[in-house]
Amino acid sequence: MQTLRSIEQVLAEEYPQTVTTRDGGAVLLRPLQRNDQEALIRMFRTIPSQEQGRFFRDPVTDPVVVAEWCNSIDPTSVLAIVALDGERIVADGTVHCSSSQMKHHVGALRLSVDPAYRGRGVGGVVVAHLLDLAPYAGLEWVDAEVSTNEVGALRFLEQMRFERHGVLPDHAQDGLGGVFDVVLMARHVGREIERDIGGQG
Ligand SMILES: CC(C)(COP(=O)(O)OP(=O)(O)OC[C@H]1O[C@@H](n2cnc3c(N)ncnc32)[C@H](O)[C@@H]1OP(=O)(O)O)[C@@H](O)C(=O)NCCC(=O)NCCS
């Protein structure tokens, strides 16, 4: 079996990368950096607060929280890729590796795209790169949990070839009295071969 490069080596050798999006535009992809704190907060501030409550576990516009992320970058723990238009971060995608030995080979996807940049293919390219990179971080699966009322997110993940692997009943609330099932989505990512980063995701 061919030996995989380390995730640090791959990130250093393959990025930054300019990629063309579906709408014919271009964004720069690169790993999250220590000095991204302000640009990342600006991006999260573009996300409506109601949507922040639905998708984020952490208060993503809190400078202390974002500073902690930017000051503790470790791609073997959290693989983080940002997309930029000039100086502006327009998307942030992360795969969180589990600290549990039982789930060392499984990562959890989180993604947010600046609303002004949605529907152009930006989220798709960020996830495709994360899926190509995941095996270098020792992952064999990337998971996502989405409630059934998040139709757009479910459709997006299916487009990215995540498959439905189960449903947790009534595991999500919308804060307005609505209760929804949570769909367990997962995408297998191979680890046997050197990947073509920015290939097919
Ligand atoms: C879901 C989200 C990440 C998609 O990002 P995006 O940059 O708009 O997505 P893209 O333009 O790259 O779309 C990729 C594919 O997903 C589909 N898709 C994206 N958003 C969709 C939506 N709201 N409804 C239906 N399909 C959608 C697109 O049709 C596209 O398929 P195609 O390439 O065959 O045309 C973005 O809308 C977002 O940040 N939403 C709020 C947060 C969220 O849902 N997070 C969970 C993500 S797992």
# chains A, B, ... in the order shown; residues from 1 in each chain; ligands from 1
>>> residues_near_ligand(ligand="ligand 1", cutoff="6 Å", atoms="only C-alpha atoms and all ligand atoms", output="count of residues only")
16
>>> select_by_dssp(residues="region 41-109 of chain A", states="strand (DSSP E or B)", output="VMD selection string")
chain A and resid 78 to 85 88 to 97 106 to 109
>>> write_last_selection(atoms="C-alpha atoms", output="compact mmCIF listing (two decimals), in the first residue's frame")
# COMPACT_ATOMS: atom_id res chain seq x y z
CA VAL A 78 -10.15 19.81 13.30
CA LEU A 79 -9.62 19.99 9.55
CA ALA A 80 -10.65 23.54 8.62
CA ILE A 81 -10.79 25.00 5.11
CA VAL A 82 -11.92 28.52 4.24
CA ALA A 83 -12.95 29.99 0.88
CA LEU A 84 -12.03 33.59 0.20
CA ASP A 85 -13.12 36.21 -2.30
CA ARG A 88 -13.35 38.19 2.54
CA ILE A 89 -13.97 34.71 3.97
CA VAL A 90 -17.13 33.52 2.22
CA ALA A 91 -17.29 29.93 3.51
CA ASP A 92 -15.90 27.90 6.38
CA GLY A 93 -15.94 24.11 6.35
CA THR A 94 -14.65 21.86 9.09
CA VAL A 95 -14.36 18.18 9.79
CA HIS A 96 -14.09 17.42 13.48
CA CYS A 97 -12.18 14.27 14.35
CA VAL A 106 -15.01 9.11 11.85
CA GLY A 107 -15.24 12.89 11.40
CA ALA A 108 -18.19 15.26 11.68
CA LEU A 109 -18.82 17.87 8.99
>>> residues_around(residues="Gly53 (chain A)", least_positions_apart="5", cutoff="10 Å", atoms="only C-alpha atoms", output="number ranges by chain")
A: 48, 58-60, 174-175
>>> atom_distance(atom1="CA of Ser72 (chain A)", atom2="CA of Ala116 (chain A)")
28.7 Å
>>> residues_around(residues="Val182 (chain A)", least_positions_apart="4", cutoff="6 Å", atoms="only C-alpha atoms", output="number ranges by chain")
A: 146-148, 167-168, 171
>>> write_last_selection(atoms="N, CA and C atoms", output="PDB file, in the first residue's frame")
ATOM      1  N   VAL A 146     -28.571  16.009  10.280  1.00  0.00           N
ATOM      2  CA  VAL A 146     -29.402  17.120   9.814  1.00  0.00           C
ATOM      3  C   VAL A 146     -30.858  16.816  10.134  1.00  0.00           C
ATOM      4  N   SER A 147     -31.578  17.807  10.651  1.00  0.00           N
ATOM      5  CA  SER A 147     -32.987  17.558  10.959  1.00  0.00           C
ATOM      6  C   SER A 147     -33.813  17.608   9.674  1.00  0.00           C
ATOM      7  N   THR A 148     -34.933  16.910   9.709  1.00  0.00           N
ATOM      8  CA  THR A 148     -35.711  16.708   8.473  1.00  0.00           C
ATOM      9  C   THR A 148     -36.317  18.004   7.940  1.00  0.00           C
ATOM     10  N   VAL A 167     -32.294   7.272  11.226  1.00  0.00           N
ATOM     11  CA  VAL A 167     -33.071   8.427  11.685  1.00  0.00           C
ATOM     12  C   VAL A 167     -33.236   8.337  13.193  1.00  0.00           C
ATOM     13  N   LEU A 168     -32.980   9.457  13.871  1.00  0.00           N
ATOM     14  CA  LEU A 168     -33.249   9.542  15.305  1.00  0.00           C
ATOM     15  C   LEU A 168     -34.565  10.299  15.474  1.00  0.00           C
ATOM     16  N   HIS A 171     -35.452  14.196  17.490  1.00  0.00           N
ATOM     17  CA  HIS A 171     -34.208  14.636  18.130  1.00  0.00           C
ATOM     18  C   HIS A 171     -33.881  16.107  17.888  1.00  0.00           C
TER      19      HIS A 171
END
>>> residues_around(residues="Leu176 (chain A)", least_positions_apart="3", cutoff="12 Å", atoms="only C-alpha atoms", output="PyMOL selection string")
chain A and resi 50+54+172-173+179-180
>>> select_by_dssp(residues="region 116-178 of chain A", states="helix (DSSP H, G or I)", output="number ranges by chain")
A: 116-117, 122-137, 151-159
>>> write_last_selection(atoms="N, CA and C atoms", output="PDB file, in the first residue's frame")
ATOM      1  N   ALA A 116     -24.690  35.604   0.767  1.00  0.00           N
ATOM      2  CA  ALA A 116     -24.522  36.283  -0.528  1.00  0.00           C
ATOM      3  C   ALA A 116     -23.780  35.404  -1.537  1.00  0.00           C
ATOM      4  N   TYR A 117     -23.173  34.320  -1.059  1.00  0.00           N
ATOM      5  CA  TYR A 117     -22.369  33.460  -1.939  1.00  0.00           C
ATOM      6  C   TYR A 117     -22.987  32.075  -2.116  1.00  0.00           C
ATOM      7  N   VAL A 122     -19.927  27.291  -4.083  1.00  0.00           N
ATOM      8  CA  VAL A 122     -18.838  27.469  -3.109  1.00  0.00           C
ATOM      9  C   VAL A 122     -18.873  26.362  -2.046  1.00  0.00           C
ATOM     10  N   GLY A 123     -20.062  26.113  -1.469  1.00  0.00           N
ATOM     11  CA  GLY A 123     -20.169  25.052  -0.459  1.00  0.00           C
ATOM     12  C   GLY A 123     -19.731  23.712  -1.027  1.00  0.00           C
ATOM     13  N   GLY A 124     -20.102  23.462  -2.271  1.00  0.00           N
ATOM     14  CA  GLY A 124     -19.743  22.195  -2.918  1.00  0.00           C
ATOM     15  C   GLY A 124     -18.235  22.017  -3.034  1.00  0.00           C
ATOM     16  N   VAL A 125     -17.522  23.067  -3.442  1.00  0.00           N
ATOM     17  CA  VAL A 125     -16.069  22.882  -3.595  1.00  0.00           C
ATOM     18  C   VAL A 125     -15.383  22.742  -2.233  1.00  0.00           C
ATOM     19  N   VAL A 126     -15.890  23.449  -1.233  1.00  0.00           N
ATOM     20  CA  VAL A 126     -15.271  23.323   0.100  1.00  0.00           C
ATOM     21  C   VAL A 126     -15.442  21.889   0.614  1.00  0.00           C
ATOM     22  N   VAL A 127     -16.661  21.346   0.475  1.00  0.00           N
ATOM     23  CA  VAL A 127     -16.884  19.976   0.962  1.00  0.00           C
ATOM     24  C   VAL A 127     -16.092  18.967   0.137  1.00  0.00           C
ATOM     25  N   ALA A 128     -16.017  19.166  -1.180  1.00  0.00           N
ATOM     26  CA  ALA A 128     -15.239  18.237  -2.016  1.00  0.00           C
ATOM     27  C   ALA A 128     -13.778  18.195  -1.553  1.00  0.00           C
ATOM     28  N   HIS A 129     -13.219  19.345  -1.219  1.00  0.00           N
ATOM     29  CA  HIS A 129     -11.834  19.371  -0.750  1.00  0.00           C
ATOM     30  C   HIS A 129     -11.715  18.696   0.622  1.00  0.00           C
ATOM     31  N   LEU A 130     -12.661  18.960   1.503  1.00  0.00           N
ATOM     32  CA  LEU A 130     -12.603  18.318   2.831  1.00  0.00           C
ATOM     33  C   LEU A 130     -12.679  16.801   2.704  1.00  0.00           C
ATOM     34  N   LEU A 131     -13.516  16.320   1.789  1.00  0.00           N
ATOM     35  CA  LEU A 131     -13.647  14.865   1.607  1.00  0.00           C
ATOM     36  C   LEU A 131     -12.361  14.272   1.041  1.00  0.00           C
ATOM     37  N   ASP A 132     -11.704  15.001   0.139  1.00  0.00           N
ATOM     38  CA  ASP A 132     -10.422  14.515  -0.394  1.00  0.00           C
ATOM     39  C   ASP A 132      -9.329  14.517   0.671  1.00  0.00           C
ATOM     40  N   LEU A 133      -9.404  15.509   1.581  1.00  0.00           N
ATOM     41  CA  LEU A 133      -8.371  15.637   2.616  1.00  0.00           C
ATOM     42  C   LEU A 133      -8.582  14.682   3.792  1.00  0.00           C
ATOM     43  N   ALA A 134      -9.832  14.317   4.035  1.00  0.00           N
ATOM     44  CA  ALA A 134     -10.169  13.558   5.249  1.00  0.00           C
ATOM     45  C   ALA A 134      -9.301  12.305   5.453  1.00  0.00           C
ATOM     46  N   PRO A 135      -9.029  11.507   4.399  1.00  0.00           N
ATOM     47  CA  PRO A 135      -8.207  10.312   4.636  1.00  0.00           C
ATOM     48  C   PRO A 135      -6.810  10.625   5.174  1.00  0.00           C
ATOM     49  N   TYR A 136      -6.273  11.782   4.802  1.00  0.00           N
ATOM     50  CA  TYR A 136      -4.939  12.157   5.301  1.00  0.00           C
ATOM     51  C   TYR A 136      -4.975  12.472   6.797  1.00  0.00           C
ATOM     52  N   ALA A 137      -6.179  12.764   7.311  1.00  0.00           N
ATOM     53  CA  ALA A 137      -6.324  12.984   8.751  1.00  0.00           C
ATOM     54  C   ALA A 137      -6.722  11.684   9.449  1.00  0.00           C
ATOM     55  N   VAL A 151     -34.403  21.054   4.668  1.00  0.00           N
ATOM     56  CA  VAL A 151     -34.496  20.400   3.361  1.00  0.00           C
ATOM     57  C   VAL A 151     -33.299  20.767   2.467  1.00  0.00           C
ATOM     58  N   GLY A 152     -32.888  22.035   2.504  1.00  0.00           N
ATOM     59  CA  GLY A 152     -31.768  22.473   1.666  1.00  0.00           C
ATOM     60  C   GLY A 152     -30.473  21.769   2.028  1.00  0.00           C
ATOM     61  N   ALA A 153     -30.210  21.660   3.350  1.00  0.00           N
ATOM     62  CA  ALA A 153     -28.977  21.004   3.796  1.00  0.00           C
ATOM     63  C   ALA A 153     -28.986  19.519   3.420  1.00  0.00           C
ATOM     64  N   LEU A 154     -30.149  18.869   3.564  1.00  0.00           N
ATOM     65  CA  LEU A 154     -30.244  17.443   3.196  1.00  0.00           C
ATOM     66  C   LEU A 154     -29.990  17.256   1.706  1.00  0.00           C
ATOM     67  N   ARG A 155     -30.594  18.134   0.913  1.00  0.00           N
ATOM     68  CA  ARG A 155     -30.430  18.030  -0.546  1.00  0.00           C
ATOM     69  C   ARG A 155     -28.953  18.267  -0.917  1.00  0.00           C
ATOM     70  N   PHE A 156     -28.353  19.254  -0.270  1.00  0.00           N
ATOM     71  CA  PHE A 156     -26.942  19.561  -0.525  1.00  0.00           C
ATOM     72  C   PHE A 156     -26.074  18.338  -0.227  1.00  0.00           C
ATOM     73  N   LEU A 157     -26.293  17.713   0.941  1.00  0.00           N
ATOM     74  CA  LEU A 157     -25.467  16.559   1.316  1.00  0.00           C
ATOM     75  C   LEU A 157     -25.679  15.388   0.358  1.00  0.00           C
ATOM     76  N   GLU A 158     -26.907  15.204  -0.087  1.00  0.00           N
ATOM     77  CA  GLU A 158     -27.161  14.131  -1.049  1.00  0.00           C
ATOM     78  C   GLU A 158     -26.433  14.419  -2.368  1.00  0.00           C
ATOM     79  N   GLN A 159     -26.404  15.688  -2.748  1.00  0.00           N
ATOM     80  CA  GLN A 159     -25.651  16.061  -3.955  1.00  0.00           C
ATOM     81  C   GLN A 159     -24.161  15.753  -3.781  1.00  0.00           C
TER      82      GLN A 159
END
>>> atom_distance(atom1="CA of Phe44 (chain A)", atom2="CA of Gln9 (chain A)")
28.7 Å
>>> atom_distance(atom1="CA of Asp181 (chain A)", atom2="CA of Arg164 (chain A)")
12.6 Å
>>> decode(residues="region 68-161 of chain A", atoms="C-alpha atoms", output="compact mmCIF listing (two decimals), in the first residue's frame")
# COMPACT_ATOMS: atom_id res chain seq x y z
CA GLU A 68 -9.74 29.88 20.48
CA TRP A 69 -10.32 28.16 17.11
CA CYS A 70 -7.72 30.28 15.32
CA ASN A 71 -5.16 29.89 18.09
CA SER A 72 -5.45 26.12 18.36
CA ILE A 73 -5.24 25.03 14.74
CA ASP A 74 -4.47 21.33 14.49
CA PRO A 75 -5.69 19.57 11.33
CA THR A 76 -5.40 16.17 12.99
CA SER A 77 -8.12 17.35 15.37
CA VAL A 78 -10.15 19.81 13.30
CA LEU A 79 -9.62 19.99 9.55
CA ALA A 80 -10.65 23.54 8.62
CA ILE A 81 -10.79 25.00 5.11
CA VAL A 82 -11.92 28.52 4.24
CA ALA A 83 -12.95 29.99 0.88
CA LEU A 84 -12.03 33.59 0.20
CA ASP A 85 -13.12 36.21 -2.30
CA GLY A 86 -10.25 38.66 -2.01
CA GLU A 87 -9.80 39.29 1.73
CA ARG A 88 -13.35 38.19 2.54
CA ILE A 89 -13.97 34.71 3.97
CA VAL A 90 -17.13 33.52 2.22
CA ALA A 91 -17.29 29.93 3.51
CA ASP A 92 -15.90 27.90 6.38
CA GLY A 93 -15.94 24.11 6.35
CA THR A 94 -14.65 21.86 9.09
CA VAL A 95 -14.36 18.18 9.79
CA HIS A 96 -14.09 17.42 13.48
CA CYS A 97 -12.18 14.27 14.35
CA SER A 98 -13.43 12.32 17.31
CA SER A 99 -11.26 12.10 20.43
CA SER A 100 -12.84 8.74 21.23
CA GLN A 101 -10.69 5.80 20.16
CA MET A 102 -13.80 3.93 19.05
CA LYS A 103 -14.58 6.67 16.50
CA HIS A 104 -11.06 7.71 15.53
CA HIS A 105 -11.85 7.00 11.89
CA VAL A 106 -15.01 9.11 11.85
CA GLY A 107 -15.24 12.89 11.40
CA ALA A 108 -18.19 15.26 11.68
CA LEU A 109 -18.82 17.87 8.99
CA ARG A 110 -19.80 21.49 9.65
CA LEU A 111 -20.20 24.05 6.93
CA SER A 112 -21.40 27.58 6.55
CA VAL A 113 -21.52 29.75 3.48
CA ASP A 114 -22.05 33.53 3.46
CA PRO A 115 -25.68 33.92 2.24
CA ALA A 116 -24.52 36.28 -0.53
CA TYR A 117 -22.37 33.46 -1.94
CA ARG A 118 -24.84 30.56 -1.76
CA GLY A 119 -26.04 28.70 -4.82
CA ARG A 120 -22.79 29.39 -6.71
CA GLY A 121 -21.02 26.14 -5.95
CA VAL A 122 -18.84 27.47 -3.11
CA GLY A 123 -20.17 25.05 -0.46
CA GLY A 124 -19.74 22.20 -2.92
CA VAL A 125 -16.07 22.88 -3.60
CA VAL A 126 -15.27 23.32 0.10
CA VAL A 127 -16.88 19.98 0.96
CA ALA A 128 -15.24 18.24 -2.02
CA HIS A 129 -11.83 19.37 -0.75
CA LEU A 130 -12.60 18.32 2.83
CA LEU A 131 -13.65 14.86 1.61
CA ASP A 132 -10.42 14.52 -0.39
CA LEU A 133 -8.37 15.64 2.62
CA ALA A 134 -10.17 13.56 5.25
CA PRO A 135 -8.21 10.31 4.64
CA TYR A 136 -4.94 12.16 5.30
CA ALA A 137 -6.32 12.98 8.75
CA GLY A 138 -6.90 9.26 9.31
CA LEU A 139 -10.61 9.35 8.57
CA GLU A 140 -12.65 6.73 6.77
CA TRP A 141 -16.06 8.32 7.26
CA VAL A 142 -17.41 11.84 7.33
CA ASP A 143 -20.79 12.17 9.06
CA ALA A 144 -23.41 14.87 9.26
CA GLU A 145 -26.60 15.04 11.30
CA VAL A 146 -29.40 17.12 9.81
CA SER A 147 -32.99 17.56 10.96
CA THR A 148 -35.71 16.71 8.47
CA ASN A 149 -36.93 20.31 8.28
CA GLU A 150 -33.55 21.41 6.86
CA VAL A 151 -34.50 20.40 3.36
CA GLY A 152 -31.77 22.47 1.67
CA ALA A 153 -28.98 21.00 3.80
CA LEU A 154 -30.24 17.44 3.20
CA ARG A 155 -30.43 18.03 -0.55
CA PHE A 156 -26.94 19.56 -0.53
CA LEU A 157 -25.47 16.56 1.32
CA GLU A 158 -27.16 14.13 -1.05
CA GLN A 159 -25.65 16.06 -3.95
CA MET A 160 -22.28 15.55 -2.24
CA ARG A 161 -23.02 11.78 -2.20
